[in-house]
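Since the structure comes first, as structure tokens, the remarks are kept for the end.
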Amino acid sequence: MSTETILHGHEVEVNVHSHEEHGQHDHHHEESFLTKYIFSQDHKMIAKQFLITGIIWAIIGGLFSVLFRLQLGYPDQSFPFLEDIFGKWAKGGKISNEFYYALVTMHGTILVFFVLTAGLSGTFANFLIPLQIGARDMASGFLNMLSYWFFFLASVIMFASLFIQTGPAAGGWTIYPPLSALGQASQGSKLGMDFWLISMAMFIVSSLLGGLNYISTILNLRTKGMSMTRMPLTMWAIFFTAVLGVLSFPVLLSGAVLLLFDRNLGTSFFLSEIVVKGEILPNEGGSAILFQHLFWFLGHPEVYIILLPAMGMVSEILSVNSRKPIFGYMAMVGSLFAITILAFLVWAHHMFVTGLNPFLGAFFVLLTLLIAVPSAIKVFNWLTTLWRGNIRFTPGMLFSIGFVSLFISGGLTGIFLGNSTLDIHLHDTYFVVAHFHIVMGVASFFGMFAGVYHWFPKMYSRYLNNTMAYIHFWVTLVGAYLIFWPMHYQGLAGLPRRYTDFSNWQSFNQFADMNRFISTVAMIVFVAQLLFVFNFFYSIFKGRKVKSQNPWGSNTLEWTTPITPGHGNWPGELPEVHRGAYDYGKDGREFIPQVEPIGADESKH
Amino acid sequence: MNEIVTDQNRRIHPHKFTMWVAIGSILMMFAGLTSAYIVKRSQVNWLMIEIPIIFWFSTLTILSSSVTIHLSLKSLKEKRMVEYRRWMVVTAVLGVLFIISQIIGFVQFGKQDIRIVGAGSNASYSFLFAISSLHGLHVLGGVIALLVIAIRAVSISKRNYSTLPLEITATYWHFVDALWIYLFIFFNWMK
């Protein structure tokens, strides 16, 4: 197709659209409640929808962990109130084995997918992309809206699965067949599993629609002067996150579809020669390992889908609040890129003990350990950004520093687990639980909290309450370490995960006190999160009002919009960008916004 | 959206670009499926699959539908609206024919006593069915997109000569065509 025809095609389109969509950029036009708050196509509103849905899920998922920690900490006690709430699932006030497994499964599913993927990427990609690259909105506002509503549908289905008679899916968030493929195998493999799979299919559609939009917007809609290397690191991180999602989620979808076939149409993709409760099943020739390959081909990139946006936001917030340029911008971009590539090449390190060929395993060990290189670059650059900085300890900054701390301590244990030989001892123990909770769970939560504290003024034109924020930070940071550090110790001793009760187990009943301690801290930390939730909703309505356009003295474009930006973000022309996002402390000036032209005698950084 | 085009003077429209990324994403799904097929094929209990003869017919229909959608787009660009509509309808009909011929193929399996699903089924035929039907769903999506465009084209309230929706749909249509050719060769080669 010639350039001319493309241009011609566009010309026609411009004419049509200028009549149709004029109102969209004129943000004084009338919006009904429905189009403004519910079926909104404004990226800022969609971001808030993702965030609030994510918060609701986080409360549910967190509550589940409190419930099973209650069981682990006090296996000999009974809690009659549990029977009042859960009925047959907690007969005599004790959580049943099936229910425990369902709680663990849903805790993982909810936090990994619904909170840290949709709640984190969905919120900040939607909110920040147009604001930081200087665009009116996403490439397609409609797809963006669909993305949220598919997420909402997925949420409704997953939520409904909590209330069906046979309970929600159980068998771990990885839903390995054959357990997940055979309804007769356990309660949690019955209807709940179908709900889980359908909900996840909707979820995948949602993240694909979102991801397509993020990529297309970042690559196509940057404002004048905003070259790729002038973008804030948040944009790079979100871009790579979207690439990971778009390339890996479809593979999980194919695995989920085949599993649905096995469950409901009697095929044998993943099933072979199985006897359940004395009954010989007709399935033959399937391979359960095949599912693990399909699952982890998504599952591993998923870890980085969760982590990268947090890394991006932390880089930005650290730089802004150290009043220093980020150390090694290009190295930061390069390491993000390296992590993205490596993310696709390490999935089998989740499968070292499945009978994987040790020769193949050696490759995956090498590639896994290679991730230490870009990770170390990032840590080094964060620390050197802080080094001799003019640090302002805002809540967002504290959570960012907390993120770096957690990423270091969680990342180091990854070096242990990446070794296939050590993995023989460590797999499926609390060591793994501690590792991934610190490095991907809590760390990403810290990134998310940092983002919420930092950009809340832009979202709601009010500040979050600082006192509550500081309490939230210190309780969460200390609590996270008190919960997960002892678990490393337990894991090295061989304590296996996914067991309800260790009291009758000679080798492990020595951990009773430690488990009680962990459970107590977990409950305290959960309450601290409720404090955050209260702070969040209270501050939306009653928080201190934002008075200045650029409260953090930040260079990026979102702070050049009005305090409460309308749909279209900038009232007049789009801003023009003249420099990178990190000109802090340059030529005796504290900060130089991206929109300021390069001065005649300005020094080079 | 005019902002997007005039302010930024891009070579490729963002929506079109989005479609290309989506194509990459769909490709990954079928890459996952076909590599699962390859893994499974190297294991025990694999049956040599027989591709139904009618699949040759489906290949022919989807190939010719690529030609017709191209003609439709060409007519639209030259503002020959009658022809544009005619070729669009032909394309949609060919798409539906493709799906029907695939269904017939799988019904024939039933007559030959080959089980695709359920007890006594073999994963090789289940794979053929699962992959083909997922592809069929993607063709169906293309047919629906064509219908939407067709309905918009005949509505009188808005006169719309934008070629963009059809261009995007045509890209997608050529893609599902190419995808089928890939799958067809794959199935014949990797029995």
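Chain labels run A, B, ... following the order of the structure tokens; each chain numbers its residues from 1, and ligands are numbered from 1 in the order shown.
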So that I can see what lies close to segment 17-26 of chain B, please list as a PDB file with N, CA and C atoms, in the first residue's frame the residues with an atom at most 10 Å from it, counting only C-alpha atoms and leaving out residues fewer than 6 positions away in the same chain.
```pdb
ATOM      1  N   ALA A 139      -5.124   4.586  22.957  1.00  0.00           N
ATOM      2  CA  ALA A 139      -5.359   4.442  21.523  1.00  0.00           C
ATOM      3  C   ALA A 139      -6.810   4.078  21.258  1.00  0.00           C
ATOM      4  N   SER A 140      -7.367   3.224  22.058  1.00  0.00           N
ATOM      5  CA  SER A 140      -8.781   2.907  21.905  1.00  0.00           C
ATOM      6  C   SER A 140      -9.466   2.918  23.263  1.00  0.00           C
ATOM      7  N   LEU A 208      -5.416  -9.107  27.746  1.00  0.00           N
ATOM      8  CA  LEU A 208      -4.962  -8.941  26.366  1.00  0.00           C
ATOM      9  C   LEU A 208      -5.456  -7.627  25.791  1.00  0.00           C
ATOM     10  N   LEU A 209      -6.744  -7.325  25.990  1.00  0.00           N
ATOM     11  CA  LEU A 209      -7.282  -6.066  25.469  1.00  0.00           C
ATOM     12  C   LEU A 209      -6.533  -4.888  26.062  1.00  0.00           C
ATOM     13  N   GLY A 211      -3.448  -4.932  27.382  1.00  0.00           N
ATOM     14  CA  GLY A 211      -2.057  -4.946  26.940  1.00  0.00           C
ATOM     15  C   GLY A 211      -1.885  -4.411  25.530  1.00  0.00           C
ATOM     16  N   LEU A 212      -2.792  -4.809  24.625  1.00  0.00           N
ATOM     17  CA  LEU A 212      -2.738  -4.312  23.245  1.00  0.00           C
ATOM     18  C   LEU A 212      -2.778  -2.795  23.229  1.00  0.00           C
ATOM     19  N   ASN A 213      -3.682  -2.276  24.038  1.00  0.00           N
ATOM     20  CA  ASN A 213      -3.861  -0.838  24.119  1.00  0.00           C
ATOM     21  C   ASN A 213      -2.629  -0.141  24.676  1.00  0.00           C
ATOM     22  N   TYR A 214      -2.042  -0.720  25.708  1.00  0.00           N
ATOM     23  CA  TYR A 214      -0.877  -0.084  26.331  1.00  0.00           C
ATOM     24  C   TYR A 214       0.262  -0.012  25.310  1.00  0.00           C
ATOM     25  N   ILE A 215       0.506  -1.135  24.616  1.00  0.00           N
ATOM     26  CA  ILE A 215       1.609  -1.164  23.656  1.00  0.00           C
ATOM     27  C   ILE A 215       1.371  -0.143  22.564  1.00  0.00           C
ATOM     28  N   SER A 216       0.169  -0.223  21.985  1.00  0.00           N
ATOM     29  CA  SER A 216      -0.147   0.640  20.867  1.00  0.00           C
ATOM     30  C   SER A 216      -0.115   2.114  21.271  1.00  0.00           C
ATOM     31  N   THR A 217      -0.560   2.428  22.476  1.00  0.00           N
ATOM     32  CA  THR A 217      -0.556   3.817  22.922  1.00  0.00           C
ATOM     33  C   THR A 217       0.871   4.318  23.124  1.00  0.00           C
ATOM     34  N   LEU A 219       3.621   3.230  21.823  1.00  0.00           N
ATOM     35  CA  LEU A 219       4.408   3.332  20.603  1.00  0.00           C
ATOM     36  C   LEU A 219       3.885   4.394  19.648  1.00  0.00           C
ATOM     37  N   ASN A 220       2.589   4.672  19.678  1.00  0.00           N
ATOM     38  CA  ASN A 220       2.028   5.536  18.645  1.00  0.00           C
ATOM     39  C   ASN A 220       1.604   6.919  19.096  1.00  0.00           C
ATOM     40  N   VAL A 243       4.088  -6.224  26.842  1.00  0.00           N
ATOM     41  CA  VAL A 243       4.620  -7.171  25.862  1.00  0.00           C
ATOM     42  C   VAL A 243       4.611  -8.582  26.445  1.00  0.00           C
ATOM     43  N   GLY A 245       2.706  -9.763  28.773  1.00  0.00           N
ATOM     44  CA  GLY A 245       1.328 -10.248  28.907  1.00  0.00           C
ATOM     45  C   GLY A 245       0.749 -10.685  27.579  1.00  0.00           C
ATOM     46  N   VAL A 246       0.970  -9.864  26.562  1.00  0.00           N
ATOM     47  CA  VAL A 246       0.379 -10.156  25.258  1.00  0.00           C
ATOM     48  C   VAL A 246       0.961 -11.438  24.665  1.00  0.00           C
ATOM     49  N   LEU A 247       2.220 -11.730  24.964  1.00  0.00           N
ATOM     50  CA  LEU A 247       2.827 -12.930  24.385  1.00  0.00           C
ATOM     51  C   LEU A 247       2.666 -14.174  25.252  1.00  0.00           C
ATOM     52  N   SER A 248       2.403 -14.003  26.544  1.00  0.00           N
ATOM     53  CA  SER A 248       2.355 -15.220  27.360  1.00  0.00           C
ATOM     54  C   SER A 248       0.943 -15.618  27.776  1.00  0.00           C
ATOM     55  N   PHE A 249       0.057 -14.659  27.981  1.00  0.00           N
ATOM     56  CA  PHE A 249      -1.302 -15.031  28.385  1.00  0.00           C
ATOM     57  C   PHE A 249      -2.011 -15.942  27.378  1.00  0.00           C
ATOM     58  N   PRO A 250      -1.840 -15.719  26.054  1.00  0.00           N
ATOM     59  CA  PRO A 250      -2.532 -16.611  25.112  1.00  0.00           C
ATOM     60  C   PRO A 250      -2.133 -18.080  25.288  1.00  0.00           C
ATOM     61  N   VAL A 251      -0.899 -18.312  25.726  1.00  0.00           N
ATOM     62  CA  VAL A 251      -0.460 -19.693  25.913  1.00  0.00           C
ATOM     63  C   VAL A 251      -1.192 -20.321  27.093  1.00  0.00           C
TER      64      VAL A 251
ATOM     65  N   GLY B  32       1.466 -22.090  21.044  1.00  0.00           N
ATOM     66  CA  GLY B  32       1.343 -22.931  22.230  1.00  0.00           C
ATOM     67  C   GLY B  32       0.643 -24.233  21.901  1.00  0.00           C
ATOM     68  N   HIS B 135      -9.564 -22.112  15.759  1.00  0.00           N
ATOM     69  CA  HIS B 135      -9.351 -21.299  14.566  1.00  0.00           C
ATOM     70  C   HIS B 135     -10.690 -20.880  13.980  1.00  0.00           C
ATOM     71  N   HIS B 138     -12.107 -17.928  15.504  1.00  0.00           N
ATOM     72  CA  HIS B 138     -11.478 -16.690  15.045  1.00  0.00           C
ATOM     73  C   HIS B 138     -12.048 -16.259  13.689  1.00  0.00           C
ATOM     74  N   ILE B 168      -8.670  -2.796   8.682  1.00  0.00           N
ATOM     75  CA  ILE B 168      -8.266  -3.592   9.852  1.00  0.00           C
ATOM     76  C   ILE B 168      -8.841  -5.002   9.743  1.00  0.00           C
ATOM     77  N   THR B 169     -10.124  -5.068   9.362  1.00  0.00           N
ATOM     78  CA  THR B 169     -10.745  -6.384   9.237  1.00  0.00           C
ATOM     79  C   THR B 169     -10.050  -7.208   8.154  1.00  0.00           C
ATOM     80  N   THR B 171      -6.924  -7.027   7.230  1.00  0.00           N
ATOM     81  CA  THR B 171      -5.661  -7.524   7.784  1.00  0.00           C
ATOM     82  C   THR B 171      -5.913  -8.781   8.604  1.00  0.00           C
ATOM     83  N   TYR B 172      -6.935  -8.691   9.453  1.00  0.00           N
ATOM     84  CA  TYR B 172      -7.270  -9.811  10.311  1.00  0.00           C
ATOM     85  C   TYR B 172      -7.679 -11.022   9.479  1.00  0.00           C
ATOM     86  N   PHE B 175      -4.958 -12.714   7.949  1.00  0.00           N
ATOM     87  CA  PHE B 175      -4.218 -13.429   8.989  1.00  0.00           C
ATOM     88  C   PHE B 175      -4.859 -14.774   9.304  1.00  0.00           C
ATOM     89  N   VAL B 176      -6.181 -14.795   9.504  1.00  0.00           N
ATOM     90  CA  VAL B 176      -6.797 -16.098   9.827  1.00  0.00           C
ATOM     91  C   VAL B 176      -6.681 -17.052   8.637  1.00  0.00           C
ATOM     92  N   LEU B 179      -3.199 -18.270   8.835  1.00  0.00           N
ATOM     93  CA  LEU B 179      -3.122 -19.170   9.988  1.00  0.00           C
ATOM     94  C   LEU B 179      -3.667 -20.547   9.627  1.00  0.00           C
TER      95      LEU B 179
END
```
Review point. Which residues, written as a PyMOL selection string, have at least one atom at most 10 Å from segment 55-63 of chain A, with only C-alpha atoms counted and residues fewer than 4 positions away on the same chain left out?
Key: chain A and resi 49-51+67-69+103-116+119-120+155+159+522-523+525-527+529-530+533+536
How about saving the chosen residues, C-alpha atoms kept, as a PDB file, in the first residue's frame?
```pdb
ATOM      1  CA  GLN A  49     -12.185   1.284  38.589  1.00  0.00           C
ATOM      2  CA  PHE A  50      -9.293  -1.170  38.373  1.00  0.00           C
ATOM      3  CA  LEU A  51      -7.778   0.153  41.584  1.00  0.00           C
ATOM      4  CA  LEU A  67      -8.013 -17.645  57.948  1.00  0.00           C
ATOM      5  CA  PHE A  68      -5.486 -20.269  56.993  1.00  0.00           C
ATOM      6  CA  ARG A  69      -2.809 -18.704  59.164  1.00  0.00           C
ATOM      7  CA  LEU A 103      -8.404 -20.999  50.734  1.00  0.00           C
ATOM      8  CA  VAL A 104      -4.770 -21.362  49.679  1.00  0.00           C
ATOM      9  CA  THR A 105      -5.775 -21.722  46.035  1.00  0.00           C
ATOM     10  CA  MET A 106      -8.050 -18.721  46.032  1.00  0.00           C
ATOM     11  CA  HIS A 107      -5.542 -16.652  48.012  1.00  0.00           C
ATOM     12  CA  GLY A 108      -2.960 -17.306  45.298  1.00  0.00           C
ATOM     13  CA  THR A 109      -5.305 -16.814  42.378  1.00  0.00           C
ATOM     14  CA  ILE A 110      -6.796 -13.624  43.734  1.00  0.00           C
ATOM     15  CA  LEU A 111      -3.550 -11.976  44.699  1.00  0.00           C
ATOM     16  CA  VAL A 112      -1.523 -13.027  41.674  1.00  0.00           C
ATOM     17  CA  PHE A 113      -4.095 -12.286  39.018  1.00  0.00           C
ATOM     18  CA  PHE A 114      -6.852 -10.090  40.362  1.00  0.00           C
ATOM     19  CA  VAL A 115      -4.808  -7.822  42.601  1.00  0.00           C
ATOM     20  CA  LEU A 116      -1.221  -7.734  41.395  1.00  0.00           C
ATOM     21  CA  GLY A 119      -5.095  -4.114  40.205  1.00  0.00           C
ATOM     22  CA  LEU A 120      -1.498  -3.061  39.648  1.00  0.00           C
ATOM     23  CA  SER A 155     -14.326 -11.067  39.068  1.00  0.00           C
ATOM     24  CA  PHE A 159     -16.538 -14.386  43.363  1.00  0.00           C
ATOM     25  CA  ALA A 522       0.034 -11.847  59.793  1.00  0.00           C
ATOM     26  CA  MET A 523      -3.135 -10.732  61.573  1.00  0.00           C
ATOM     27  CA  VAL A 525      -0.302  -6.757  59.227  1.00  0.00           C
ATOM     28  CA  PHE A 526      -3.756  -7.455  57.839  1.00  0.00           C
ATOM     29  CA  VAL A 527      -5.261  -4.903  60.207  1.00  0.00           C
ATOM     30  CA  GLN A 529      -3.808  -2.915  55.511  1.00  0.00           C
ATOM     31  CA  LEU A 530      -7.352  -2.132  56.588  1.00  0.00           C
ATOM     32  CA  VAL A 533      -8.049   1.023  52.944  1.00  0.00           C
ATOM     33  CA  PHE A 536      -7.787   5.587  50.918  1.00  0.00           C
TER      34      PHE A 536
END
```
Practice item. Please provide the set of residues having any atom within 8 Å of segment 33-41 of chain A, restricted to only C-alpha atoms, with same-chain residues fewer than 4 positions apart removed, written as a PyMOL selection string. Key: chain A and resi 45-46+141-142+144-145
Go ahead and save the residues from that selection, with all heavy atoms, as an mmCIF file, in the first residue's frame.
```cif
data_model
loop_
_atom_site.group_PDB
_atom_site.id
_atom_site.type_symbol
_atom_site.label_atom_id
_atom_site.label_comp_id
_atom_site.auth_asym_id
_atom_site.auth_seq_id
_atom_site.Cartn_x
_atom_site.Cartn_y
_atom_site.Cartn_z
ATOM 1 N N MET A 45 -10.611 7.319 34.785
ATOM 2 C CA MET A 45 -11.709 6.671 35.503
ATOM 3 C C MET A 45 -11.541 5.156 35.464
ATOM 4 O O MET A 45 -11.745 4.464 36.462
ATOM 5 C CB MET A 45 -13.050 7.105 34.895
ATOM 6 C CG MET A 45 -14.265 6.596 35.651
ATOM 7 S SD MET A 45 -14.229 6.932 37.423
ATOM 8 C CE MET A 45 -14.450 8.707 37.443
ATOM 9 N N ILE A 46 -11.116 4.624 34.310
ATOM 10 C CA ILE A 46 -10.917 3.174 34.210
ATOM 11 C C ILE A 46 -9.836 2.736 35.191
ATOM 12 O O ILE A 46 -9.958 1.702 35.857
ATOM 13 C CB ILE A 46 -10.570 2.784 32.754
ATOM 14 C CG1 ILE A 46 -11.759 3.089 31.854
ATOM 15 C CG2 ILE A 46 -10.192 1.321 32.658
ATOM 16 C CD1 ILE A 46 -11.491 2.907 30.377
ATOM 17 N N GLY A 141 -10.207 3.962 23.501
ATOM 18 C CA GLY A 141 -10.929 4.069 24.760
ATOM 19 C C GLY A 141 -11.943 2.968 24.931
ATOM 20 O O GLY A 141 -12.186 2.479 26.038
ATOM 21 N N PHE A 142 -12.492 2.526 23.816
ATOM 22 C CA PHE A 142 -13.528 1.499 23.876
ATOM 23 C C PHE A 142 -12.938 0.161 24.303
ATOM 24 O O PHE A 142 -13.454 -0.504 25.207
ATOM 25 C CB PHE A 142 -14.201 1.374 22.508
ATOM 26 C CG PHE A 142 -15.267 0.327 22.463
ATOM 27 C CD1 PHE A 142 -16.449 0.486 23.176
ATOM 28 C CD2 PHE A 142 -15.089 -0.831 21.723
ATOM 29 C CE1 PHE A 142 -17.437 -0.491 23.152
ATOM 30 C CE2 PHE A 142 -16.077 -1.815 21.692
ATOM 31 C CZ PHE A 142 -17.236 -1.643 22.405
ATOM 32 N N ASN A 144 -10.342 -0.242 25.950
ATOM 33 C CA ASN A 144 -9.931 -0.044 27.322
ATOM 34 C C ASN A 144 -11.088 -0.269 28.278
ATOM 35 O O ASN A 144 -10.946 -0.918 29.310
ATOM 36 C CB ASN A 144 -9.421 1.389 27.444
ATOM 37 C CG ASN A 144 -8.291 1.484 28.407
ATOM 38 O OD1 ASN A 144 -7.667 0.484 28.714
ATOM 39 N ND2 ASN A 144 -8.036 2.674 28.894
ATOM 40 N N MET A 145 -12.248 0.240 27.902
ATOM 41 C CA MET A 145 -13.436 0.032 28.717
ATOM 42 C C MET A 145 -13.779 -1.450 28.752
ATOM 43 O O MET A 145 -14.057 -2.018 29.804
ATOM 44 C CB MET A 145 -14.600 0.835 28.134
ATOM 45 C CG MET A 145 -15.871 0.693 28.919
ATOM 46 S SD MET A 145 -17.231 1.591 28.157
ATOM 47 C CE MET A 145 -17.728 0.463 26.879
#
```
**Study point:** Within 8 Å of chain A: residues of chain B, using only C-alpha atoms, as a ChimeraX atom specification
**Key:** /B:1-2,4-6,8,10-12,14-15,17-18,21-22,24-26,28-33,36,39-40,43-46,77,116-123,126-127,130,160-164
Revision key, fill the gap. Counting only C-alpha atoms, the residue among B:Ser124, B:Ser133, B:Ser75, B:Ser64 that lies closest to Leu166 of chain B is B:Ser75
**Study point:** Residue contacts of Tyr100 of chain A (12 Å, only C-alpha atoms) excluding same-chain residues fewer than 4 positions away, as a PyMOL selection string
**Key:** chain A and resi 64-72+75+86+89-90+94-96+104-107+167-172+187-188+497-501
Please save N, CA and C atoms of the selected residues as a compact mmCIF listing (two decimals), in the first residue's frame.
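Saved as selection-v7.txt:
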```txt
# COMPACT_ATOMS: atom_id res chain seq x y z
N PHE A 64 -8.37 -14.37 53.40
CA PHE A 64 -8.19 -15.82 53.28
C PHE A 64 -6.88 -16.25 53.94
N SER A 65 -5.83 -15.42 53.74
CA SER A 65 -4.55 -15.81 54.34
C SER A 65 -4.64 -15.76 55.86
N VAL A 66 -5.41 -14.78 56.37
CA VAL A 66 -5.58 -14.72 57.83
C VAL A 66 -6.28 -16.00 58.31
N LEU A 67 -7.28 -16.44 57.54
CA LEU A 67 -8.01 -17.64 57.95
C LEU A 67 -7.10 -18.86 57.99
N PHE A 68 -6.29 -19.05 56.93
CA PHE A 68 -5.49 -20.27 56.99
C PHE A 68 -4.28 -20.11 57.91
N ARG A 69 -3.86 -18.87 58.16
CA ARG A 69 -2.81 -18.70 59.16
C ARG A 69 -3.38 -19.03 60.55
N LEU A 70 -4.66 -18.73 60.74
CA LEU A 70 -5.32 -19.06 62.01
C LEU A 70 -5.24 -20.56 62.25
N GLN A 71 -5.50 -21.33 61.20
CA GLN A 71 -5.43 -22.78 61.29
C GLN A 71 -3.99 -23.23 61.56
N LEU A 72 -3.02 -22.65 60.84
CA LEU A 72 -1.63 -23.08 60.98
C LEU A 72 -1.07 -22.70 62.35
N PRO A 75 -3.50 -25.01 65.46
CA PRO A 75 -4.14 -26.22 64.94
C PRO A 75 -4.94 -26.98 66.00
N PHE A 86 -18.81 -20.42 57.97
CA PHE A 86 -18.52 -21.32 56.85
C PHE A 86 -19.26 -22.65 56.91
N TRP A 89 -17.75 -26.26 56.05
CA TRP A 89 -16.33 -26.13 55.74
C TRP A 89 -15.48 -26.01 56.98
N ALA A 90 -16.10 -25.63 58.08
CA ALA A 90 -15.35 -25.47 59.32
C ALA A 90 -16.11 -26.14 60.45
N LYS A 94 -13.16 -25.88 63.23
CA LYS A 94 -11.84 -26.13 62.64
C LYS A 94 -11.95 -26.17 61.12
N ILE A 95 -11.03 -25.51 60.47
CA ILE A 95 -11.07 -25.47 59.01
C ILE A 95 -10.77 -26.85 58.44
N SER A 96 -11.65 -27.34 57.58
CA SER A 96 -11.46 -28.68 57.03
C SER A 96 -10.32 -28.67 56.02
N VAL A 104 -6.11 -21.61 50.21
CA VAL A 104 -4.77 -21.36 49.68
C VAL A 104 -4.85 -21.07 48.18
N THR A 105 -5.63 -21.88 47.48
CA THR A 105 -5.78 -21.72 46.03
C THR A 105 -6.34 -20.36 45.68
N MET A 106 -7.42 -19.99 46.37
CA MET A 106 -8.05 -18.72 46.03
C MET A 106 -7.17 -17.55 46.47
N HIS A 107 -6.48 -17.70 47.58
CA HIS A 107 -5.54 -16.65 48.01
C HIS A 107 -4.52 -16.38 46.90
N GLY A 167 -17.79 -25.69 46.72
CA GLY A 167 -16.68 -24.81 47.04
C GLY A 167 -15.91 -24.36 45.82
N PRO A 168 -15.04 -23.38 46.01
CA PRO A 168 -14.24 -22.88 44.89
C PRO A 168 -13.16 -23.86 44.49
N ALA A 169 -12.44 -23.52 43.44
CA ALA A 169 -11.37 -24.39 42.96
C ALA A 169 -10.35 -24.64 44.06
N ALA A 170 -9.87 -25.86 44.14
CA ALA A 170 -8.79 -26.17 45.06
C ALA A 170 -7.78 -27.02 44.30
N GLY A 171 -6.57 -26.99 44.76
CA GLY A 171 -5.53 -27.74 44.06
C GLY A 171 -4.35 -26.84 43.75
N GLY A 172 -4.35 -25.67 44.35
CA GLY A 172 -3.26 -24.73 44.13
C GLY A 172 -3.58 -23.82 42.96
N GLN A 187 -13.42 -32.32 46.02
CA GLN A 187 -14.50 -31.32 46.03
C GLN A 187 -14.12 -30.09 45.19
N GLY A 188 -12.88 -29.68 45.37
CA GLY A 188 -12.43 -28.46 44.70
C GLY A 188 -12.21 -28.64 43.21
N ARG A 497 4.84 -27.08 52.16
CA ARG A 497 3.71 -26.16 52.08
C ARG A 497 2.42 -26.94 51.88
N ARG A 498 1.30 -26.25 52.00
CA ARG A 498 -0.03 -26.80 51.74
C ARG A 498 -0.44 -27.93 52.67
N TYR A 499 0.07 -27.93 53.92
CA TYR A 499 -0.42 -28.85 54.93
C TYR A 499 -1.17 -28.06 55.98
N THR A 500 -2.24 -28.66 56.52
CA THR A 500 -3.05 -27.89 57.47
C THR A 500 -2.51 -27.96 58.88
N ASP A 501 -1.82 -29.03 59.21
CA ASP A 501 -1.53 -29.29 60.62
C ASP A 501 -0.22 -30.06 60.73
```
Exercise for review: Determine, counting only C-alpha atoms, which protein, DNA and RNA residues have an atom within 12 Å of an atom of Trp455 of chain A; residues of the same chain fewer than 3 positions away are not included. Present the result as an MDAnalysis selection string.
Suggested key: chainID A and resid 44 47:48 123:124 127:128 131:132 313 316:317 394:397 447:452 458:464 546 550:552 554 556 558:559 563
Practice item. Determine the nearest neighbour of Val205 of chain A from the options A:Leu244, A:Met235, A:Ile341, A:Leu146, counting only C-alpha atoms. Key: A:Leu146
Practice item. DSSP on the backbone, then: every residue of segment 27-124 of chain A marked alpha helix (DSSP H), written as a PyMOL selection string. Key: chain A and resi 33+43-73+80-86+97-109+123-124
Practice item. Excluding Leu417 of chain A and residues on its chain fewer than 4 positions from it, collect all residues at most 8 Å away from it, counting only C-alpha atoms, and give them as a count of residues only. Key: 6
Practice item. Find the residues near segment 97-109 of chain B: any atom within 9 Å, counting only C-alpha atoms, skip ones fewer than 2 places away on the same chain, and give them as an NGL selection string. Key: :B and (51-55 or 57-62 or 92-95 or 111-116 or 129 or 132-133 or 136-137 or 139-140)
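Taking atom CA of Lys378 of chain A and atom CA of Pro325 of chain A as endpoints, the distance between them is 14.3 Å.
Between Leu492 of chain A and the residues A:His472, A:Lys277, A:His425, A:Lys542, the shortest atom-to-atom distance, using only C-alpha atoms, involves A:His425.
In terms of minimum interatomic distance to Glu602 of chain A, A:Asp587 ranks closest within A:Pro177, A:Phe240, A:Asp587, A:Leu162, counting only C-alpha atoms.
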Practice item. Go through B:Met81, B:Leu146, B:Leu47, B:Val90 one by one, measure the shortest atom-to-atom distance of each to Tyr125 of chain B using only C-alpha atoms, and give the residue with the smallest value. Key: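 Using only C-alpha atoms, Tyr125 of chain B sits closest to B:Leu47.
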Check your understanding: Where in segment 89-289 of chain A does DSSP assign strand (DSSP E), given as a PyMOL selection string?
Key -> chain A and resi 275-276+279-280
